[in-house]
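Q: I'm passing along run11.txt; it holds compact mmCIF, C-alpha atoms.
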```txt
# COMPACT_ATOMS: atom_id res chain seq x y z
CA MET A 755 -3.74 15.28 27.22
CA THR A 756 -0.33 15.72 25.62
CA LYS A 757 2.58 13.35 26.04
CA GLU A 758 4.34 15.79 28.38
CA GLU A 759 1.24 16.19 30.56
CA ALA A 760 0.77 12.43 30.73
CA GLU A 761 4.40 11.85 31.70
CA ASN A 762 4.20 14.58 34.35
CA PHE A 763 1.03 12.97 35.72
CA ILE A 764 2.73 9.57 35.90
CA TYR A 765 5.83 11.03 37.54
CA LYS A 766 3.67 12.79 40.13
CA CYS A 767 1.86 9.51 40.87
CA LEU A 768 5.20 7.75 41.39
CA VAL A 769 6.42 10.48 43.72
CA ASP A 770 3.12 10.42 45.64
CA ASN A 771 3.48 6.67 46.11
CA GLU A 772 6.56 7.29 48.27
CA SER A 773 4.54 9.05 50.95
CA LYS A 774 1.91 6.32 51.22
CA LYS A 775 2.57 3.82 54.00
CA ASN A 776 -0.05 1.23 53.06
CA PRO A 777 0.89 -0.72 49.91
CA LYS A 778 -2.79 -1.01 48.98
CA GLU A 779 -3.01 2.77 48.67
CA LYS A 780 -0.13 2.96 46.19
CA LEU A 781 -0.97 3.19 42.52
CA THR A 782 0.45 0.35 40.44
CA ARG A 783 1.53 0.55 36.83
CA LEU A 784 -1.79 -0.98 35.80
CA ASP A 785 -3.75 1.55 37.88
CA ILE A 786 -1.91 4.50 36.36
CA CYS A 787 -2.26 3.19 32.81
CA ASP A 788 -5.97 2.49 33.39
CA ILE A 789 -6.48 6.09 34.55
CA LEU A 790 -4.75 7.38 31.43
CA HIS A 791 -6.76 5.07 29.19
CA ASN A 792 -10.19 5.49 30.79
CA ASP A 793 -10.12 9.13 31.88
CA PHE A 794 -7.93 10.72 29.22
CA GLU A 795 -8.60 8.33 26.31
CA ILE A 796 -4.94 7.54 25.73
CA PRO A 797 -4.45 4.16 24.01
CA ARG A 798 -3.21 1.44 26.37
CA SER A 799 0.02 0.78 24.50
CA THR A 800 0.82 4.49 24.51
CA ALA A 801 -0.01 4.75 28.22
CA TYR A 802 2.40 1.90 28.99
CA ARG A 803 5.10 3.54 26.87
CA TYR A 804 4.59 6.84 28.70
CA TYR A 805 4.74 4.98 32.00
CA LYS A 806 8.01 3.31 31.04
CA ASP A 807 9.58 6.64 30.10
CA SER A 808 8.40 8.34 33.30
CA PHE A 809 9.43 5.40 35.46
CA ASN A 810 12.95 5.45 33.98
CA LEU A 811 13.18 9.17 34.72
CA TYR A 812 11.88 8.56 38.25
CA LYS A 813 14.46 5.81 38.88
CA TRP A 814 17.22 8.03 37.54
CA GLU A 815 16.17 10.93 39.77
CA MET A 816 16.02 8.66 42.83
CA ALA A 817 19.44 7.19 42.05
CA LYS A 818 21.25 10.51 42.06
CA PRO A 819 24.04 10.19 44.59
CA ASP A 820 23.93 12.03 47.85
CA PRO A 821 27.02 14.29 48.03
CA SER A 822 27.96 13.02 51.50
CA LYS A 823 27.63 9.42 50.28
CA LYS A 824 29.86 10.21 47.29
CA ILE A 825 32.56 11.56 49.61
CA LYS A 826 32.30 8.46 51.80
CA ASP A 827 32.54 6.20 48.75
CA THR A 828 35.64 8.08 47.59
CA LYS A 829 37.27 7.65 51.00
CA ASP A 830 36.43 3.94 50.97
CA THR A 831 37.94 3.59 47.50
CA ILE A 832 41.15 5.27 48.63
CA LEU A 833 41.43 3.07 51.71
CA ASP A 834 40.71 -0.07 49.71
CA SER A 835 43.38 0.74 47.14
CA VAL A 836 46.01 1.45 49.81
CA LEU A 837 45.19 -1.82 51.59
CA ASP A 838 45.26 -3.78 48.32
CA GLU A 839 48.63 -2.32 47.43
CA ALA A 840 50.03 -3.21 50.86
CA GLU A 841 48.74 -6.77 50.59
CA SER A 842 50.23 -7.15 47.10
CA LEU A 843 53.60 -6.02 48.47
CA LEU A 844 53.39 -8.64 51.20
CA ALA A 845 52.51 -11.30 48.66
CA GLY A 846 55.56 -10.21 46.65
CA GLY A 847 57.78 -10.64 49.70
CA ASP A 848 58.32 -6.95 50.44
CA SER A 849 57.57 -6.83 54.16
CA VAL A 850 59.05 -3.32 54.59
CA GLY A 851 56.76 -1.94 51.86
CA TYR A 852 53.84 -3.80 53.45
CA PHE A 853 54.39 -2.17 56.83
CA LYS A 854 54.72 1.27 55.21
CA GLY A 855 51.45 0.64 53.38
CA ILE A 856 49.69 -0.44 56.57
CA GLU A 857 51.06 2.61 58.36
CA LEU A 858 49.69 4.86 55.60
CA TYR A 859 46.36 3.01 55.75
CA SER A 860 46.20 3.54 59.50
CA LYS A 861 46.95 7.26 59.21
CA LEU A 862 44.36 7.75 56.47
CA LEU A 863 41.75 5.78 58.40
CA THR A 864 42.31 7.94 61.48
CA ARG A 865 42.17 11.14 59.44
CA PHE A 866 38.98 10.12 57.62
CA LYS A 867 37.25 9.16 60.85
CA LYS A 868 38.02 12.58 62.37
CA GLN A 869 36.37 14.40 59.46
```
Here is the file; what I need is its structure written in the form of C-alpha cells.

A:
Amino acid sequence: MTKEEAENFIYKCLVDNESKKNPKEKLTRLDICDILHNDFEIPRSTAYRYYKDSFNLYKWEMAKPDPSKKIKDTKDTILDSVLDEAESLLAGGDSVGYFKGIELYSKLLTRFKKQ
C-alpha cells in the first residue's frame, strides 16, 4: 500500500465515522493504525504519521466555512463595528454622533433581518 492509498483509506475511515451513531462502532486512531500495521504491514510509526496527515486534512475540510455562515459573520462584524463606534463617540462626549451611530445601527439591523 502506498502512502497515498493509506492516507485515502484513513480519510475514508474518518468520514465513515461521521455516519455512525454508536461511539463503539467508530474507528479510533489506534484501530485505524492497527489495521494499517496488521493488514497492510505498514510500520506503526509510519501509520501514525499517515493518520496525523489525514486527520489534519479531514479537520481542514470540515472547517471550511459555509457560505451562508460567512455572510452572517460579515453582517455581524459590520453591526459590531458600527455599535462600537457609536459607543466610543458617547464615551468621548459626542451625544449627537452617538445617536447618528445608533440610528445607522438600527437601519442596518432592520435591513439585514429582512434579507

Q: Give the answer as one residue: which of A:Glu839, A:Asp834, A:Asp848, A:Asp807 has the shortest atom-to-atom distance to Glu758 of chain A, using all atoms listed in the file?

A: A:Asp807

Q: I'd like the contact shell of segment 860-868 of chain A - 8 Å cut-off, all atoms listed in the file, skipping same-chain residues fewer than 3 positions apart - returned as a list in words.

A: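 Everything that qualifies: Lys829, Leu833, Ile856 and Glu857 of chain A.
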
Q: Can you list, as a PyMOL selection string, every protein, DNA or RNA residue that comes within 12 Å of Ile764 of chain A when you count only C-alpha atoms, leaving out same-chain residues fewer than 2 positions away?

A: chain A and resi 757-762+766-771+781-790+801-812

Q: Report, in Å with one decimal, the straight-line distance from atom CA of Lys780 of chain A to atom CA of Tyr765 of chain A.

A: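 It comes out at 13.2 Å.
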
Q: Quick one, how far is atom CA of Glu841 of chain A from atom CA of Phe853 of chain A?

A: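 Here the two named atoms are 9.6 Å from each other.
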
Q: Can you measure atom CA of Ile832 of chain A to atom CA of Gly851 of chain A for me? One decimal in Å is fine.

A: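 Atom-to-atom, atom CA of Ile832 of chain A to atom CA of Gly851 of chain A, that is 17.5 Å.
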